[in-house]
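Asker: Following this line is protein31.txt, made up of compact mmCIF, C-alpha atoms (C1' of nucleotides):
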```txt
# COMPACT_ATOMS: atom_id res chain seq x y z
CA MET J 1 90.03 123.53 104.32
CA PRO J 2 91.41 120.55 106.24
CA ASP J 3 94.28 121.03 108.68
CA PRO J 4 97.26 120.93 106.27
CA SER J 5 99.71 120.01 109.01
CA ARG J 6 98.63 116.37 109.23
CA VAL J 7 99.98 113.66 106.95
CA ILE J 8 97.71 110.63 106.89
CA ALA J 9 98.19 107.51 104.79
CA HIS J 10 95.59 104.93 103.86
CA LEU J 11 97.14 101.62 102.87
CA ASP J 12 94.93 99.12 101.09
CA MET J 13 96.11 95.67 100.01
CA ASP J 14 95.33 94.96 96.34
CA ALA J 15 92.60 92.31 95.84
CA PHE J 16 93.89 90.89 99.10
CA TYR J 17 92.28 87.44 99.39
CA ALA J 18 92.72 86.73 95.69
CA SER J 19 96.38 87.81 95.84
CA VAL J 20 97.04 85.52 98.83
CA GLU J 21 95.49 82.65 96.86
CA LEU J 22 97.71 83.46 93.87
CA LEU J 23 100.78 83.06 96.09
CA ARG J 24 99.54 79.54 96.83
CA TYR J 25 98.47 78.77 93.26
CA PRO J 26 100.83 80.78 91.04
CA GLU J 27 99.63 78.91 87.94
CA LEU J 28 96.39 80.98 88.20
CA ARG J 29 98.16 84.31 87.63
CA GLY J 30 96.57 86.34 84.86
CA MET J 31 93.35 84.33 85.02
CA SER J 32 89.84 85.23 86.19
CA VAL J 33 89.63 83.90 89.74
CA VAL J 34 86.73 84.35 92.13
CA ILE J 35 86.90 83.65 95.88
CA GLY J 36 83.77 82.71 97.76
CA GLY J 37 81.19 80.03 98.53
CA GLY J 38 81.68 77.09 100.85
CA SER J 39 84.55 74.65 101.25
CA ARG J 40 83.28 72.31 98.52
CA GLN J 41 85.35 74.00 95.83
CA GLN J 42 88.73 72.82 97.12
CA PRO J 43 91.25 72.24 94.30
CA ARG J 44 92.10 68.55 93.89
CA TRP J 45 94.90 66.57 92.29
CA GLU J 46 94.21 64.50 89.17
CA ASN J 47 96.40 62.30 87.03
CA ASP J 48 96.98 63.64 83.56
CA ALA J 49 94.95 61.77 80.91
CA GLN J 50 98.13 61.10 78.87
CA GLY J 51 99.74 59.48 81.88
CA GLY J 52 101.83 62.53 82.75
CA ALA J 53 102.43 64.11 86.15
CA PRO J 54 99.43 64.75 88.40
CA ARG J 55 97.98 68.23 87.99
CA ARG J 56 95.83 70.44 90.15
CA VAL J 57 92.21 70.79 89.04
CA PHE J 58 90.17 73.81 90.05
CA ALA J 59 86.41 74.27 90.30
CA ARG J 60 84.82 76.49 87.66
CA LEU J 61 82.25 79.11 88.46
CA ARG J 62 79.78 77.62 85.97
CA ASP J 63 79.50 74.44 88.06
CA TYR J 64 78.57 76.26 91.27
CA VAL J 65 75.17 75.60 92.86
CA GLY J 66 74.21 77.33 96.09
CA ARG J 67 73.67 80.64 97.86
CA GLY J 68 77.21 81.88 98.24
CA VAL J 69 78.44 85.32 97.24
CA ILE J 70 81.77 86.57 95.92
CA THR J 71 84.15 87.59 98.69
CA THR J 72 86.63 89.00 96.20
CA ALA J 73 87.86 88.51 92.65
CA THR J 74 91.06 89.09 90.69
CA TYR J 75 91.23 92.22 88.53
CA GLU J 76 90.91 89.96 85.44
CA ALA J 77 87.55 88.67 86.75
CA ARG J 78 86.41 92.16 87.76
CA ALA J 79 86.87 93.24 84.13
CA PHE J 80 83.84 91.03 83.33
CA GLY J 81 81.71 93.03 85.74
CA VAL J 82 81.76 90.72 88.75
CA ASN J 83 82.25 92.29 92.17
CA SER J 84 82.32 91.57 95.89
CA ALA J 85 78.93 90.58 97.37
CA MET J 86 77.53 89.47 93.99
CA GLY J 87 75.78 86.10 94.11
CA LEU J 88 78.00 83.33 92.68
CA MET J 89 75.20 82.04 90.46
CA LYS J 90 74.78 85.48 88.95
CA ALA J 91 78.55 85.87 88.54
CA ALA J 92 78.66 82.49 86.75
CA LYS J 93 76.54 83.95 83.97
CA LYS J 94 79.02 86.77 83.42
CA VAL J 95 82.21 84.74 83.57
CA PRO J 96 81.41 81.00 83.62
CA ASP J 97 85.01 79.90 83.01
CA ALA J 98 86.39 81.74 86.05
CA ILE J 99 88.22 79.63 88.62
CA LEU J 100 86.33 79.36 91.92
CA LEU J 101 88.28 79.02 95.17
CA PRO J 102 86.96 78.69 98.73
CA THR J 103 87.82 81.36 101.31
CA ASP J 104 90.59 80.57 103.79
CA PHE J 105 90.40 83.23 106.50
CA ASP J 106 93.18 81.68 108.61
CA GLU J 107 95.58 82.20 105.71
CA TYR J 108 94.37 85.79 105.06
CA ARG J 109 94.74 86.63 108.76
CA LYS J 110 98.30 85.32 108.66
CA TYR J 111 99.22 87.65 105.80
CA SER J 112 97.28 90.47 107.48
CA ARG J 113 99.49 90.16 110.57
CA LEU J 114 102.61 90.08 108.36
CA PHE J 115 101.87 93.28 106.44
CA LYS J 116 100.73 95.19 109.53
CA ALA J 117 103.87 94.22 111.47
CA ALA J 118 106.03 95.28 108.53
CA VAL J 119 104.35 98.70 108.38
CA GLN J 120 104.53 99.20 112.15
CA ALA J 121 108.28 98.59 112.12
CA ILE J 122 108.60 101.81 110.08
CA ALA J 123 105.52 103.80 111.14
CA PRO J 124 104.06 102.83 114.54
CA GLN J 125 100.94 105.05 114.49
CA VAL J 126 98.65 102.54 112.80
CA GLU J 127 94.85 102.21 112.93
CA ASP J 128 93.49 98.78 112.08
CA ARG J 129 90.57 99.02 109.66
CA GLY J 130 89.97 95.36 108.99
CA ILE J 131 91.95 92.52 107.52
CA ASP J 132 93.35 94.30 104.46
CA GLU J 133 93.58 98.02 105.21
CA ILE J 134 95.04 100.45 107.72
CA TYR J 135 95.38 104.17 108.31
CA ILE J 136 98.84 105.46 109.28
CA ASP J 137 99.57 108.82 110.88
CA LEU J 138 102.84 109.90 109.28
CA THR J 139 102.82 113.46 110.65
CA GLU J 140 105.58 113.01 113.22
CA LEU J 141 107.64 110.73 111.00
CA VAL J 142 107.59 113.28 108.17
CA ALA J 143 108.44 116.15 110.52
CA ALA J 144 111.38 114.20 111.93
CA ARG J 145 112.77 113.59 108.45
CA LEU J 146 112.59 117.19 107.27
CA THR J 147 116.01 118.74 107.69
CA PRO J 148 115.92 122.03 109.55
CA GLY J 149 117.58 124.75 107.46
CA ASP J 150 117.25 128.43 106.80
CA GLU J 151 113.93 129.48 108.33
CA SER J 152 112.63 131.55 105.41
CA GLU J 153 113.56 128.93 102.86
CA ALA J 154 112.15 126.20 105.04
CA ARG J 155 108.86 128.05 105.19
CA ARG J 156 108.80 128.52 101.44
CA THR J 157 109.39 124.90 100.64
CA ARG J 158 107.74 123.32 103.66
CA GLU J 159 104.63 122.15 101.82
CA THR J 160 106.47 120.48 98.95
CA ASP J 161 109.07 119.03 101.33
CA THR J 162 106.34 117.54 103.51
CA TRP J 163 104.65 115.69 100.67
CA TRP J 164 107.95 114.75 99.06
CA SER J 165 109.07 113.20 102.35
CA ALA J 166 105.66 111.52 102.82
CA ARG J 167 105.96 110.08 99.32
CA GLU J 168 109.38 108.60 100.13
CA ILE J 169 108.01 107.00 103.30
CA ALA J 170 105.03 105.60 101.38
CA LEU J 171 107.38 104.05 98.80
CA GLU J 172 109.35 102.49 101.67
CA LEU J 173 106.14 101.10 103.12
CA LYS J 174 105.14 99.57 99.78
CA LEU J 175 108.57 97.92 99.51
CA THR J 176 108.53 96.56 103.05
CA VAL J 177 105.01 95.15 102.57
CA ARG J 178 106.14 93.43 99.38
CA ASP J 179 109.24 92.03 101.09
CA ALA J 180 107.22 90.73 104.04
CA THR J 181 104.33 89.21 102.08
CA GLY J 182 105.10 89.10 98.35
CA LEU J 183 101.95 91.21 97.88
CA SER J 184 101.32 94.68 96.48
CA CYS J 185 99.35 97.45 98.11
CA SER J 186 98.06 100.90 97.21
CA ILE J 187 98.64 103.97 99.36
CA GLY J 188 96.81 107.27 99.47
CA LEU J 189 98.42 110.29 101.16
CA ALA J 190 96.36 113.27 102.30
CA PRO J 191 95.80 115.68 105.21
CA ASN J 192 93.05 113.43 106.66
CA LYS J 193 91.64 109.91 106.67
CA LEU J 194 88.69 110.60 104.40
CA ILE J 195 90.79 111.99 101.54
CA ALA J 196 93.56 109.44 102.07
CA LYS J 197 90.99 106.66 101.66
CA ILE J 198 89.75 108.12 98.38
CA ALA J 199 93.35 108.69 97.22
CA SER J 200 94.33 105.06 97.82
CA GLU J 201 91.65 103.98 95.34
CA LEU J 202 92.84 106.31 92.56
CA ASN J 203 95.79 104.38 91.12
CA LYS J 204 94.99 100.81 92.15
CA PRO J 205 96.61 98.30 91.93
CA ASP J 206 100.14 98.95 93.25
CA GLY J 207 99.35 102.67 93.32
CA LEU J 208 100.48 105.75 95.19
CA ALA J 209 98.43 108.94 95.09
CA ILE J 210 98.75 112.21 96.96
CA ILE J 211 95.94 114.71 97.41
CA THR J 212 96.96 117.87 99.26
CA ALA J 213 94.53 120.42 100.69
CA PRO J 214 94.75 122.86 97.75
CA GLU J 215 94.00 120.01 95.31
CA ILE J 216 90.66 119.00 96.83
CA GLU J 217 88.47 120.90 94.39
CA ALA J 218 90.33 119.73 91.32
CA ARG J 219 90.71 116.08 92.29
CA LEU J 220 87.87 115.26 94.70
CA TRP J 221 84.96 117.25 93.40
CA PRO J 222 84.64 115.61 89.95
CA LEU J 223 84.29 112.15 91.56
CA PRO J 224 80.84 110.56 92.11
CA VAL J 225 79.45 110.84 95.67
CA ARG J 226 79.61 107.05 95.97
CA ARG J 227 83.41 107.30 96.23
CA MET J 228 83.07 108.89 99.66
CA HIS J 229 83.54 106.39 102.47
CA GLY J 230 80.15 106.28 104.21
CA VAL J 231 77.98 107.07 101.20
CA GLY J 232 76.52 103.72 100.24
CA PRO J 233 74.03 102.71 97.54
CA LYS J 234 70.98 104.06 99.42
CA SER J 235 72.40 107.52 100.13
CA ALA J 236 73.91 107.79 96.64
CA ALA J 237 70.54 106.96 95.06
CA LYS J 238 68.75 109.51 97.24
CA LEU J 239 71.34 112.18 96.45
CA GLY J 240 70.92 111.32 92.78
CA ARG J 241 67.16 111.84 92.99
CA LEU J 242 67.87 115.24 94.53
CA GLY J 243 70.14 116.16 91.62
CA ILE J 244 73.48 115.59 93.34
CA ALA J 245 75.82 113.22 91.54
CA SER J 246 79.35 114.48 92.24
CA ILE J 247 81.26 115.25 95.44
CA GLY J 248 81.57 118.85 94.22
CA GLU J 249 77.79 119.23 93.89
CA LEU J 250 77.43 117.88 97.42
CA ALA J 251 80.10 120.28 98.70
CA GLN J 252 78.19 123.22 97.27
CA ALA J 253 74.75 122.11 98.45
CA GLU J 254 72.98 124.26 101.05
CA PRO J 255 73.63 122.66 104.50
CA ALA J 256 70.11 123.45 105.78
CA TRP J 257 68.54 121.85 102.70
CA LEU J 258 70.77 118.78 103.13
CA ALA J 259 69.70 118.57 106.80
CA GLN J 260 66.03 118.55 105.76
CA ASN J 261 66.65 115.53 103.55
CA PHE J 262 69.24 113.54 105.50
CA GLY J 263 68.95 114.59 109.15
CA LYS J 264 71.16 117.10 110.91
CA ALA J 265 74.13 114.95 111.87
CA ASN J 266 74.29 112.98 108.64
CA ALA J 267 73.98 116.12 106.51
CA ALA J 268 76.72 117.91 108.45
CA TRP J 269 79.03 114.97 108.05
CA MET J 270 78.34 114.66 104.30
CA HIS J 271 78.86 118.38 103.72
CA ASP J 272 82.11 118.46 105.70
CA ALA J 273 83.37 115.34 103.98
CA ALA J 274 82.62 116.66 100.50
CA ASN J 275 84.59 119.79 101.38
CA GLY J 276 87.50 117.64 102.52
CA ARG J 277 87.03 118.37 106.23
CA ASP J 278 87.68 115.39 108.50
CA ASP J 279 89.49 115.76 111.81
CA ARG J 280 89.08 112.16 113.02
CA PRO J 281 92.33 111.00 114.61
CA VAL J 282 94.18 107.81 113.71
CA VAL J 283 93.09 105.51 116.55
CA THR J 284 95.81 103.02 117.42
CA LEU J 285 93.96 101.16 120.21
CA SER J 286 90.35 100.00 120.18
CA GLU J 287 88.18 97.39 121.87
CA PRO J 288 85.53 95.34 120.03
CA LYS J 289 81.91 96.44 120.62
CA SER J 290 80.30 93.11 119.77
CA ILE J 291 81.11 89.57 118.69
CA SER J 292 78.66 87.45 116.72
CA ARG J 293 78.07 84.20 114.90
CA GLU J 294 75.51 83.66 112.18
CA THR J 295 74.73 81.20 109.44
CA THR J 296 72.60 81.12 106.31
CA PHE J 297 71.02 77.72 105.68
CA ASP J 298 71.34 75.81 102.41
CA ARG J 299 67.53 75.86 102.26
CA ASP J 300 65.02 77.92 104.25
CA LEU J 301 64.01 76.05 107.42
CA HIS J 302 60.46 75.75 108.72
CA PRO J 303 60.11 76.83 112.38
CA VAL J 304 57.93 73.79 113.18
CA HIS J 305 58.85 71.06 110.70
CA ASP J 306 62.60 71.74 110.99
CA ARG J 307 62.52 72.56 114.69
CA ALA J 308 65.05 69.90 115.71
CA GLN J 309 67.58 71.10 113.14
CA LEU J 310 67.03 74.75 114.09
CA THR J 311 67.46 73.97 117.78
CA ARG J 312 70.71 72.13 117.12
CA ILE J 313 72.14 74.95 114.97
CA PHE J 314 71.01 77.57 117.51
CA SER J 315 72.84 75.77 120.32
CA GLU J 316 75.94 75.36 118.14
CA LEU J 317 76.01 79.08 117.38
CA CYS J 318 75.74 79.87 121.11
CA ALA J 319 78.57 77.45 121.90
CA GLU J 320 80.76 78.97 119.17
CA LEU J 321 80.01 82.47 120.43
CA SER J 322 80.87 81.41 123.97
CA SER J 323 84.20 79.99 122.87
CA ASP J 324 84.95 83.17 120.82
CA LEU J 325 84.27 85.27 123.94
CA GLN J 326 86.46 83.07 126.14
CA ARG J 327 89.31 83.01 123.60
CA LYS J 328 89.21 86.79 123.22
CA GLN J 329 88.70 87.22 126.98
CA TYR J 330 85.43 89.15 127.01
CA ALA J 331 82.14 88.72 128.84
CA SER J 332 78.91 90.13 127.44
CA LYS J 333 76.06 91.91 129.17
CA THR J 334 73.77 92.00 126.10
CA ILE J 335 72.89 88.82 124.21
CA GLY J 336 70.97 89.21 120.98
CA ILE J 337 69.60 87.12 118.14
CA LYS J 338 69.08 87.82 114.46
CA LEU J 339 66.67 86.09 112.13
CA ARG J 340 66.23 86.55 108.43
CA PHE J 341 63.07 85.10 106.90
CA GLU J 342 62.49 83.68 103.44
CA ASN J 343 61.26 87.10 102.25
CA PHE J 344 64.62 88.57 103.40
CA LYS J 345 63.00 90.54 106.23
CA THR J 346 65.43 90.70 109.16
CA VAL J 347 64.49 91.00 112.82
CA THR J 348 66.69 91.29 115.90
CA ARG J 349 65.96 90.94 119.62
CA ASP J 350 68.28 91.82 122.49
CA SER J 351 68.32 90.80 126.13
CA THR J 352 70.33 92.53 128.86
CA LEU J 353 71.72 90.27 131.58
CA ALA J 354 72.08 91.01 135.28
CA THR J 355 75.74 89.97 135.14
CA PRO J 356 78.08 89.66 132.14
CA THR J 357 78.69 86.14 130.85
CA ASP J 358 80.84 84.12 128.47
CA ASP J 359 79.12 80.83 129.38
CA ALA J 360 77.52 78.83 126.56
CA ALA J 361 74.52 77.66 128.61
CA GLU J 362 73.81 81.16 129.88
CA ILE J 363 74.09 82.59 126.35
CA ARG J 364 71.81 79.83 125.05
CA ARG J 365 69.24 80.60 127.76
CA ALA J 366 69.25 84.37 127.08
CA ALA J 367 69.14 83.85 123.30
CA GLY J 368 66.24 81.43 123.80
CA GLU J 369 64.35 84.14 125.69
CA CYS J 370 64.93 86.52 122.76
CA LEU J 371 63.64 83.92 120.32
CA LYS J 372 60.36 83.62 122.25
CA ARG J 373 59.69 87.30 121.44
CA VAL J 374 59.70 86.71 117.66
CA GLU J 375 56.66 85.59 115.69
CA LEU J 376 57.82 82.50 113.82
CA GLU J 377 55.41 82.22 110.91
CA LYS J 378 57.68 82.23 107.88
CA ARG J 379 60.53 79.96 106.91
CA ILE J 380 63.91 81.02 108.26
CA ARG J 381 66.85 81.76 106.01
CA LEU J 382 69.46 82.94 108.53
CA LEU J 383 70.01 82.57 112.24
CA GLY J 384 72.56 84.49 114.30
CA VAL J 385 73.60 85.12 117.89
CA ARG J 386 75.37 88.26 119.07
CA ALA J 387 77.18 89.33 122.24
CA GLY J 388 77.29 93.08 122.90
CA SER J 389 78.24 95.41 125.79
CA LEU J 390 81.57 93.61 126.16
CA LEU J 391 83.73 93.75 129.25
CA PRO J 392 87.28 92.33 129.51
CA THR J 393 87.44 89.25 131.77
C1' DT H 1 68.92 81.56 90.79
C1' DC H 2 69.14 87.06 93.51
C1' DT H 3 71.34 88.71 98.09
C1' DG H 4 77.58 85.58 103.23
C1' DG H 5 79.57 86.67 107.63
C1' DG H 6 81.32 89.71 110.95
C1' DG H 7 81.42 94.03 112.31
C1' DT H 8 80.38 99.61 113.48
C1' DC H 9 77.59 103.52 113.87
C1' DC H 10 73.34 106.17 113.75
C1' DT H 11 68.43 107.09 114.48
C1' DG H 12 64.19 107.00 116.63
C1' DG H 13 60.84 105.31 119.92
C1' DG H 14 59.67 104.09 124.54
C1' DG H 15 60.42 103.69 129.46
C1' DC H 16 62.38 105.55 133.46
C1' DT H 17 63.91 109.19 136.48
C1' DA H 18 65.38 113.64 138.27
C1' DT G 1 51.04 116.42 144.12
C1' DC G 2 50.68 116.99 139.29
C1' DT G 3 52.73 117.99 134.90
C1' DG G 4 56.19 119.02 131.57
C1' DT G 5 60.68 118.12 130.14
C1' DA G 6 65.41 116.80 129.59
C1' DG G 7 68.61 113.23 129.79
C1' DC G 8 69.70 108.60 129.74
C1' DC G 9 69.40 103.75 128.67
C1' DC G 10 67.55 99.98 126.15
C1' DC G 11 65.93 98.12 122.06
C1' DA G 12 65.08 97.52 117.07
C1' DG G 13 66.10 98.55 112.54
C1' DG G 14 68.84 100.27 108.85
C1' DA G 15 72.96 101.81 106.29
C1' DC G 16 77.41 100.94 105.55
C1' DC G 17 82.00 98.70 105.47
C1' DC G 18 85.53 94.85 104.57
```
I'd like the structure from this file rewritten - as structure tokens, please.
Answerer:
Amino acid sequence: MPDPSRVIAHLDMDAFYASVELLRYPELRGMSVVIGGGSRQQPRWENDAQGGAPRRVFARLRDYVGRGVITTATYEARAFGVNSAMGLMKAAKKVPDAILLPTDFDEYRKYSRLFKAAVQAIAPQVEDRGIDEIYIDLTELVAARLTPGDESEARRTRETDTWWSAREIALELKLTVRDATGLSCSIGLAPNKLIAKIASELNKPDGLAIITAPEIEARLWPLPVRRMHGVGPKSAAKLGRLGIASIGELAQAEPAWLAQNFGKANAAWMHDAANGRDDRPVVTLSEPKSISRETTFDRDLHPVHDRAQLTRIFSELCAELSSDLQRKQYASKTIGIKLRFENFKTVTRDSTLATPTDDAAEIRRAAGECLKRVELEKRIRLLGVRAGSLLPT
DNA sequence: TCTGGGGTCCTGGGGCTA
DNA sequence: TCTGTAGCCCCAGGACCC
């Protein structure tokens, strides 16, 4: 059983990028909208054919040509079976009339800062988990709000009071996020991060779900293993082949047998997680481990025939990485490259420097050394440069 | 016409050293 | 001095996440 004394919230913004775009283009509300691809799909103004007022014209998914994928989609579009990471060309077959908008990360980051600041004003123990989600440790806040009373009665009702108080705080958080951004979010409340994350998905969008320790069997175990954060498509497929489809079946699997199939550490984690055990703290401060830049070409480039173009892009990536490092005030001791070939095979090479650097020429030189260690026989689809082992400057 | 970009974490192999 | 081994770091690849 997880430690029942903790109260952890997972707050997830609903279809975040799409919702930010709907604030900008309210006329698209209720429609299938897909975000992704390059910047070519900018909406444009056109004069009405009947001579009326100019109107905004949006790109349609059916007209898309290229290699982009869906970053996110409105719930109306998702109903047609399109999802994040699906190729746009494939999505166009499912819902050709969907509106296609380009991503605008500056705008999403702006709203990300707004909702996080709003939450922190009420509950300061916040762990950043990306642009659209956070964990919040509400333990102390809940304890402070519980009114001390008769000891025996307090003990009797402590559990229900705790979750009742947590629920009130969560409703406050949802309101403050809406006030600050105009956007809705979903919150999961639980004794740990793992269950809170699953809970936040249960009543999306604009949801609030509570899973307490005694409810784990009833509410967690019937769910498919894929719902566990950390079990991706590969692990889920392997578990399926071994006859394990639900979280409950995983929870009851023999740990030694799991270890034989998934390795000791991975098996222990999966077994604990399925049983609702997760003592990871809410981490309020963290430093980045690496910073990278990569690009996928419009067409696969030949290492010899397209050498000039490849060299130019390579140098640009190094310069961009250098400026990212300088802006974020880090120097890197490990420079690496990443190549993806036309057959989708990916290779990486790393190089450790004598002294950390944030200098573009030095990064370019080290990345060039890495590149010499790769056999360049196939056409190249993607090129990337990475800075690891970061030190603050 | 498959499959982005920017990350984290884990595993396993190989080299080095105590 | 030789050998075995444990621990550590580096490197490469893979799974996963948003």
Asker: C1' of DC10 (chain H) and CA of Arg6 (chain J) are how many Å apart?
Answerer: 27.6 Å
Asker: From the set J:Glu342, J:Asp104, J:Asp350, J:Glu369, which residue has the shortest atom-to-atom contact distance to DC10 (chain G), counting all atoms listed in the file?
Answerer: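 So, comparing all the options, the nearest one is J:Asp350.
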Asker: One decimal, in Å: what's the spacing between CA of Glu215 (chain J) and CA of Ala190 (chain J)?
Answerer: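 Distance reported for this atom pair: 10.0 Å.
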Asker: Quick one: distance from CA of Ile291 (chain J) to C1' of DC9 (chain G) in Å, one decimal?
Answerer: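 One can read the CA of Ile291 (chain J) to C1' of DC9 (chain G) distance as 20.9 Å.
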Asker: Using only C-alpha atoms (C1' of nucleotides), which protein or nucleic acid residues come within 12 Å of DC2 (chain H)? Drop anything in the same chain fewer than 4 positions from it, and give the result as a ChimeraX atom specification.
Answerer: /J:66-69,85-91,343-344
Asker: Tell me as a list of chain:residue names which residues belonging to chain J come within 9 Å of chain G, counting all atoms listed in the file.
Answerer: J:Arg129, J:Gly130, J:Ile131, J:Asp132, J:Glu133, J:His229, J:Gly230, J:Val231, J:Gly232, J:Pro233, J:Lys234, J:Ser235, J:Thr346, J:Val347, J:Thr348, J:Arg349, J:Asp350, J:Ser351, J:Thr352
Asker: Sort by chain and increasing residue number a table of all residues of chain H within 10 Å of chain J, each with its closest pair of atoms and their distance in Å to one decimal, counting all atoms listed in the file, and write it as a tab-separated table.
Answerer:
```
residue	atom	partner	partner_atom	distance
H:DT1	C1'	J:Met89	CA	6.3
H:DC2	C1'	J:Gly87	CA	6.7
H:DT3	C1'	J:Gly87	CA	6.5
H:DG4	C1'	J:Val69	CA	6.1
H:DG5	C1'	J:Glu294	CA	6.8
H:DG6	C1'	J:Ser292	CA	6.7
H:DG7	C1'	J:Ser290	CA	7.6
H:DT8	C1'	J:Lys289	CA	8.0
H:DC10	C1'	J:Asn266	CA	8.6
H:DT11	C1'	J:Gly263	CA	9.2
```
Asker: Restricting the calculation to only C-alpha atoms, which member of J:Ala273, J:Ala387, J:Ala59, J:Ala267 is positioned closest to Lys197 (chain J)?
Answerer: J:Ala273
